[in-house]
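The structure file structure_39.cif is reproduced below (mmCIF, C-alpha atoms and all ligand atoms).
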```cif
data_start
#
loop_
_atom_site.label_atom_id
_atom_site.label_comp_id
_atom_site.auth_asym_id
_atom_site.auth_seq_id
_atom_site.Cartn_x
_atom_site.Cartn_y
_atom_site.Cartn_z
CA MET O 1 71.21 112.83 0.79
CA LEU O 2 70.71 112.30 4.54
CA ASN O 3 66.99 111.82 5.00
CA ILE O 4 67.16 109.69 8.12
CA ILE O 5 64.85 107.82 10.47
CA LEU O 6 66.20 107.10 13.95
CA MET O 7 64.46 104.10 15.52
CA GLY O 8 64.69 102.24 18.80
CA PRO O 9 62.74 101.57 22.00
CA PRO O 10 62.32 104.33 24.62
CA GLY O 11 65.64 104.67 26.46
CA ALA O 12 67.83 103.20 23.67
CA GLY O 13 69.70 106.49 23.30
CA LYS O 14 67.95 108.01 20.26
CA GLY O 15 67.78 111.52 21.71
CA THR O 16 71.44 111.55 22.73
CA GLN O 17 72.60 110.25 19.34
CA ALA O 18 70.26 112.69 17.59
CA THR O 19 71.92 115.66 19.29
CA ARG O 20 75.34 114.42 18.09
CA ILE O 21 74.16 113.76 14.54
CA ILE O 22 72.55 117.16 14.03
CA ASP O 23 75.64 118.91 15.41
CA GLU O 24 77.92 116.97 13.02
CA PHE O 25 75.79 116.98 9.88
CA GLY O 26 73.83 120.23 10.25
CA ILE O 27 70.43 118.75 9.47
CA PRO O 28 67.23 119.54 11.40
CA HIS O 29 66.15 117.25 14.23
CA ILE O 30 62.47 116.41 13.97
CA SER O 31 61.32 114.71 17.15
CA THR O 32 57.58 114.16 17.17
CA GLY O 33 57.76 113.70 20.96
CA ASP O 34 59.43 117.13 21.33
CA ILE O 35 56.81 118.71 19.04
CA PHE O 36 54.00 117.22 21.13
CA ARG O 37 55.65 118.33 24.41
CA GLU O 38 56.07 121.89 23.09
CA ASN O 39 52.40 121.95 22.15
CA ILE O 40 51.43 120.64 25.59
CA ALA O 41 53.57 123.31 27.30
CA LYS O 42 51.96 126.05 25.18
CA GLY O 43 48.44 124.66 25.65
CA THR O 44 47.68 124.54 21.90
CA PRO O 45 44.68 122.52 20.61
CA LEU O 46 47.09 119.77 19.48
CA GLY O 47 48.71 119.79 22.93
CA LEU O 48 45.35 119.51 24.66
CA GLN O 49 44.41 116.53 22.46
CA ALA O 50 47.73 114.78 23.03
CA LYS O 51 48.43 115.45 26.74
CA ALA O 52 46.56 112.59 28.46
CA ILE O 53 47.49 110.08 25.73
CA ILE O 54 51.21 110.86 26.06
CA GLU O 55 51.23 110.91 29.85
CA ARG O 56 49.79 107.40 30.03
CA GLY O 57 52.30 106.17 27.43
CA ASP O 58 49.94 105.54 24.52
CA LEU O 59 50.43 106.61 20.92
CA VAL O 60 48.87 109.77 19.52
CA PRO O 61 46.49 108.90 16.64
CA ASP O 62 48.16 108.41 13.24
CA ASP O 63 46.23 111.13 11.39
CA LEU O 64 47.35 113.86 13.82
CA THR O 65 50.95 112.68 13.83
CA ILE O 66 51.24 112.18 10.06
CA GLY O 67 49.80 115.64 9.38
CA LEU O 68 52.27 117.42 11.60
CA VAL O 69 55.26 115.51 10.18
CA LYS O 70 54.20 116.33 6.62
CA ASP O 71 53.99 120.06 7.47
CA ARG O 72 57.40 119.93 9.13
CA LEU O 73 59.12 118.01 6.28
CA CYS O 74 57.86 120.56 3.77
CA LYS O 75 59.77 123.38 5.48
CA ASP O 76 62.80 124.77 3.65
CA ASP O 77 65.40 123.57 6.17
CA CYS O 78 64.59 119.92 5.30
CA ALA O 79 65.84 120.42 1.73
CA LYS O 80 69.38 119.65 2.98
CA GLY O 81 68.25 116.49 4.81
CA TYR O 82 66.50 115.66 8.07
CA LEU O 83 66.63 113.41 11.09
CA LEU O 84 63.28 111.97 12.11
CA ASP O 85 63.32 110.81 15.73
CA GLY O 86 60.28 108.94 17.04
CA PHE O 87 58.48 108.82 13.69
CA PRO O 88 57.26 106.56 12.16
CA ARG O 89 56.03 104.43 15.06
CA THR O 90 53.35 102.42 13.25
CA ILE O 91 53.10 100.69 9.87
CA ALA O 92 50.39 103.21 8.86
CA GLN O 93 52.83 106.07 9.57
CA ALA O 94 55.59 104.31 7.61
CA GLU O 95 53.25 103.78 4.64
CA ALA O 96 52.22 107.46 4.76
CA LEU O 97 55.87 108.54 4.84
CA LYS O 98 56.71 106.19 1.96
CA LYS O 99 54.05 107.97 -0.08
CA MET O 100 54.67 111.58 1.02
CA GLY O 101 58.51 111.45 0.92
CA PRO O 102 58.82 111.11 -2.87
CA GLU O 103 55.80 113.42 -3.41
CA ILE O 104 57.57 116.29 -1.63
CA GLY O 105 60.98 115.32 -3.10
CA ARG O 106 62.31 114.17 0.30
CA PRO O 107 62.22 110.34 0.42
CA VAL O 108 63.80 108.51 3.37
CA THR O 109 67.30 107.29 2.48
CA LEU O 110 68.52 105.63 5.70
CA VAL O 111 67.02 103.96 8.77
CA VAL O 112 69.19 103.74 11.90
CA ASP O 113 67.88 101.40 14.60
CA ILE O 114 69.47 101.28 18.08
CA THR O 115 68.48 98.40 20.37
CA VAL O 116 69.06 97.74 24.06
CA PRO O 117 67.68 94.89 26.29
CA ASP O 118 64.49 95.70 28.24
CA GLU O 119 66.10 95.51 31.70
CA VAL O 120 68.61 98.21 30.71
CA LEU O 121 65.85 100.40 29.26
CA VAL O 122 63.95 100.32 32.57
CA GLU O 123 67.04 101.54 34.45
CA ARG O 124 67.85 104.23 31.92
CA ILE O 125 64.32 105.63 31.87
CA ALA O 126 64.18 105.79 35.68
CA GLY O 127 67.39 107.89 35.76
CA ARG O 128 66.63 110.04 32.72
CA ARG O 129 66.46 113.82 33.02
CA VAL O 130 65.76 116.03 30.01
CA CYS O 131 66.11 119.65 29.04
CA PRO O 132 62.66 121.13 28.36
CA LYS O 133 64.25 123.88 26.26
CA CYS O 134 66.66 122.18 23.82
CA GLY O 135 65.62 118.53 24.25
CA ALA O 136 69.04 117.25 25.42
CA SER O 137 68.98 114.06 27.53
CA TYR O 138 70.98 113.18 30.64
CA ASN O 139 71.07 110.40 33.20
CA VAL O 140 71.54 110.80 36.95
CA ASN O 141 73.72 107.65 37.01
CA SER O 142 75.50 107.36 33.70
CA MET O 143 75.39 110.70 31.87
CA LYS O 144 75.41 113.52 34.40
CA PRO O 145 75.43 117.16 33.35
CA LYS O 146 78.48 119.23 34.38
CA VAL O 147 76.36 121.13 36.95
CA GLU O 148 73.70 119.02 38.68
CA GLY O 149 70.20 119.71 37.34
CA ILE O 150 71.36 122.15 34.63
CA CYS O 151 71.58 121.56 30.86
CA ASP O 152 75.18 121.69 29.51
CA ARG O 153 74.00 122.92 26.12
CA CYS O 154 71.62 125.75 27.00
CA GLY O 155 71.66 126.29 30.78
CA ALA O 156 67.97 125.46 31.37
CA GLU O 157 66.83 123.52 34.42
CA LEU O 158 66.48 119.77 33.77
CA ILE O 159 63.21 117.94 34.43
CA GLN O 160 61.92 114.37 34.57
CA ARG O 161 59.41 113.62 31.82
CA LYS O 162 55.88 112.90 33.05
CA ASP O 163 55.81 109.66 31.02
CA ASP O 164 59.14 108.43 32.48
CA ASN O 165 57.36 106.60 35.32
CA PRO O 166 57.14 102.78 35.62
CA GLU O 167 53.43 102.52 34.61
CA SER O 168 53.67 104.69 31.48
CA PHE O 169 56.99 103.12 30.55
CA LYS O 170 55.40 99.66 30.57
CA VAL O 171 52.69 100.87 28.17
CA ARG O 172 55.29 102.56 25.94
CA LEU O 173 57.38 99.40 25.75
CA GLU O 174 54.34 97.24 24.95
CA ASN O 175 53.34 99.69 22.22
CA TYR O 176 56.88 99.64 20.90
CA TYR O 177 56.96 95.86 20.48
CA ALA O 178 53.42 95.63 19.12
CA GLN O 179 53.37 98.64 16.78
CA THR O 180 56.89 99.90 16.07
CA GLN O 181 59.10 96.82 15.91
CA PRO O 182 57.30 95.53 12.77
CA LEU O 183 58.93 98.50 10.99
CA VAL O 184 62.25 96.62 11.12
CA ASP O 185 61.04 94.16 8.47
CA PHE O 186 59.33 96.98 6.55
CA TYR O 187 62.64 98.86 6.19
CA LYS O 188 64.72 95.71 5.67
CA GLU O 189 62.56 95.07 2.62
CA GLU O 190 63.21 98.63 1.46
CA GLY O 191 66.96 97.88 1.76
CA ILE O 192 67.72 100.97 3.86
CA TYR O 193 67.80 99.42 7.36
CA HIS O 194 70.92 99.61 9.60
CA HIS O 195 71.12 98.13 13.09
CA PHE O 196 73.32 99.29 16.00
CA ASP O 197 73.70 97.48 19.31
CA GLY O 198 73.18 100.18 21.95
CA MET O 199 75.14 98.14 24.52
CA ILE O 200 78.53 98.80 22.94
CA GLY O 201 78.54 102.27 24.54
CA PHE O 202 77.49 105.74 23.47
CA GLN O 203 80.82 106.65 21.86
CA LYS O 204 81.09 103.49 19.74
CA VAL O 205 77.46 103.73 18.59
CA SER O 206 78.07 107.35 17.73
CA GLU O 207 81.20 106.51 15.69
CA GLY O 208 79.36 103.73 13.86
CA ILE O 209 76.45 106.00 12.94
CA SER O 210 78.82 108.78 11.93
CA SER O 211 80.72 106.51 9.49
CA LEU O 212 77.47 105.26 7.98
CA LEU O 213 76.22 108.81 7.47
CA GLN O 214 79.54 110.09 6.11
CA ALA O 215 79.49 107.30 3.53
CA ASN O 216 75.95 108.15 2.46
CA LYS O 217 75.85 111.94 2.43
P1 LIG O 301 59.22 110.30 22.50
O1 LIG O 301 59.74 111.63 22.96
O2 LIG O 301 59.66 109.96 21.11
O3 LIG O 301 59.48 109.20 23.50
O4 LIG O 301 57.62 110.46 22.43
C1 LIG O 301 56.86 110.74 23.57
C2 LIG O 301 55.41 110.36 23.35
O5 LIG O 301 54.87 111.16 22.30
C3 LIG O 301 55.16 108.93 22.91
O6 LIG O 301 55.13 108.01 24.01
C4 LIG O 301 53.80 109.07 22.23
O7 LIG O 301 52.77 109.20 23.19
C5 LIG O 301 53.94 110.41 21.52
N1 LIG O 301 54.50 110.22 20.17
C6 LIG O 301 55.72 110.63 19.72
N2 LIG O 301 55.91 110.29 18.45
C7 LIG O 301 54.78 109.62 18.07
C8 LIG O 301 54.38 108.98 16.87
N3 LIG O 301 55.19 108.94 15.78
N4 LIG O 301 53.15 108.41 16.84
C9 LIG O 301 52.33 108.45 17.90
N5 LIG O 301 52.66 109.01 19.07
C10 LIG O 301 53.88 109.60 19.16
#
```

Could I get this file's structure written as structure tokens?
Ligand code: AMP
Amino acid sequence: MLNIILMGPPGAGKGTQATRIIDEFGIPHISTGDIFRENIAKGTPLGLQAKAIIERGDLVPDDLTIGLVKDRLCKDDCAKGYLLDGFPRTIAQAEALKKMGPEIGRPVTLVVDITVPDEVLVERIAGRRVCPKCGASYNVNSMKPKVEGICDRCGAELIQRKDDNPESFKVRLENYYAQTQPLVDFYKEEGIYHHFDGMIGFQKVSEGISSLLQANK
């Protein structure tokens, strides 16, 4: 069963790999960041609560985030597996998932962590453009769309995320090292942790993840 967590600092390539994985394995992509951004765009109560926090690069409180992930994992499409991207980001979230997964019959089976040195992350985030409609990621230097400014997958106009600025990025990276990186040891202890070096190139990382998933489906 492919009940997967995709981990890594902002800019490591999670979103790009996620798009590939869901296309190959036909499991739903659950990105908490995408869910928050949709709520912000629609002006829902959750969006209003999360907007300022996200724009400055901080983490949305655990109770809000855990609740929305639980609701999403209970949906029927997750019965065939799921890809969590951007959750958990704190030990409290990981503990909550460890409890809720077996309760709802959908425990996490694999953790895929992609790492890249900080100086590369800074460059990637500065050049990142995203599709507000389907969530696909591009880069003005290294991963250009076929037509400038337009999403290859769905034709929507690409944007720069509000939190992809140097100040918010610094906060996001600090939060990553302080709050999210401790999850590496958490999942190593669970025996389900797999590391990929994001510097070997998108294609090689993708092939490595694909073999791991094929062997575990
Ligand atoms: P991402 O698209 O994964 O980079 O997430 C964008 C932003 O959404 C993060 O910088 C946080 O502010 C918020 N966010 C996403 N996932 C979580 C989470 N699991 N816990 C807390 N905040 C989150």

Would you kindly return, as a list in words, each protein, DNA or RNA residue with an atom no farther than 8 Å from any atom of O:Gly127, considering all atoms listed in the file and excluding same-chain residues fewer than 2 positions away?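 Near O:Gly127, the qualifying residues are Glu123, Arg124, Ile125, Arg129, Asn139, Val140 and Asn141 of chain O.
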
Shell of 8 Å around ligand LIG 301 (chain O) (all atoms listed in the file), written as a ChimeraX atom specification: /O:10,31-34,36-37,50,53-62,65-66,85-90,93,163,172

For each of O:Ala12, O:Ala178, O:Cys131, O:Ala126, take the minimum atom-to-atom distance to O:Ile91, counting all atoms listed in the file, then give the residue where this is smallest.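 The answer is O:Ala178, which sits nearest to O:Ile91.
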
From the set O:Leu212, O:Ala96, O:Ala52, O:Leu158, which residue has the shortest atom-to-atom contact distance to O:Gly135, counting only C-alpha atoms?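 Ranked by minimum distance to O:Gly135, first place goes to O:Leu158.
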
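Among the candidates O:Ala215, O:Ile150, O:Ala92, O:Val108, the residue lying nearest to O:Ile192 is O:Val108 (atoms considered: only C-alpha atoms).
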
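When atom CA of O:Leu6 is paired with atom CA of O:Lys99, their separation reads 18.6 Å.
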
Option closest in space to O:Ile30, from O:Leu97, O:Leu84, O:Cys74, O:Leu48 [counting only C-alpha atoms]: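 Selected residue with least distance to O:Ile30: O:Leu84.
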
I need the residue nearest O:Met143 from this list: O:Gly155, O:Gly13, O:Pro45, O:Gly26. Use only C-alpha atoms for the distance.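 For O:Met143, the nearest of the candidates is O:Gly13.
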
If you take every atom of stretch 74-88 of chain O that the file lists and fit an axis-aligned box around them with 8 Å extra on each side, what centre and edge lengths come out in Å to one decimal, as lines of an AutoDock Vina configuration file?
```
center_x = 63.3
center_y = 115.7
center_z = 9.4
size_x = 28.1
size_y = 34.2
size_z = 31.3
```

Option closest in space to O:Ile22, from O:Ser206, O:His195, O:Ala94, O:Asp164 [counting all atoms listed in the file]: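 Result for the nearest residue to O:Ile22: O:Ser206.
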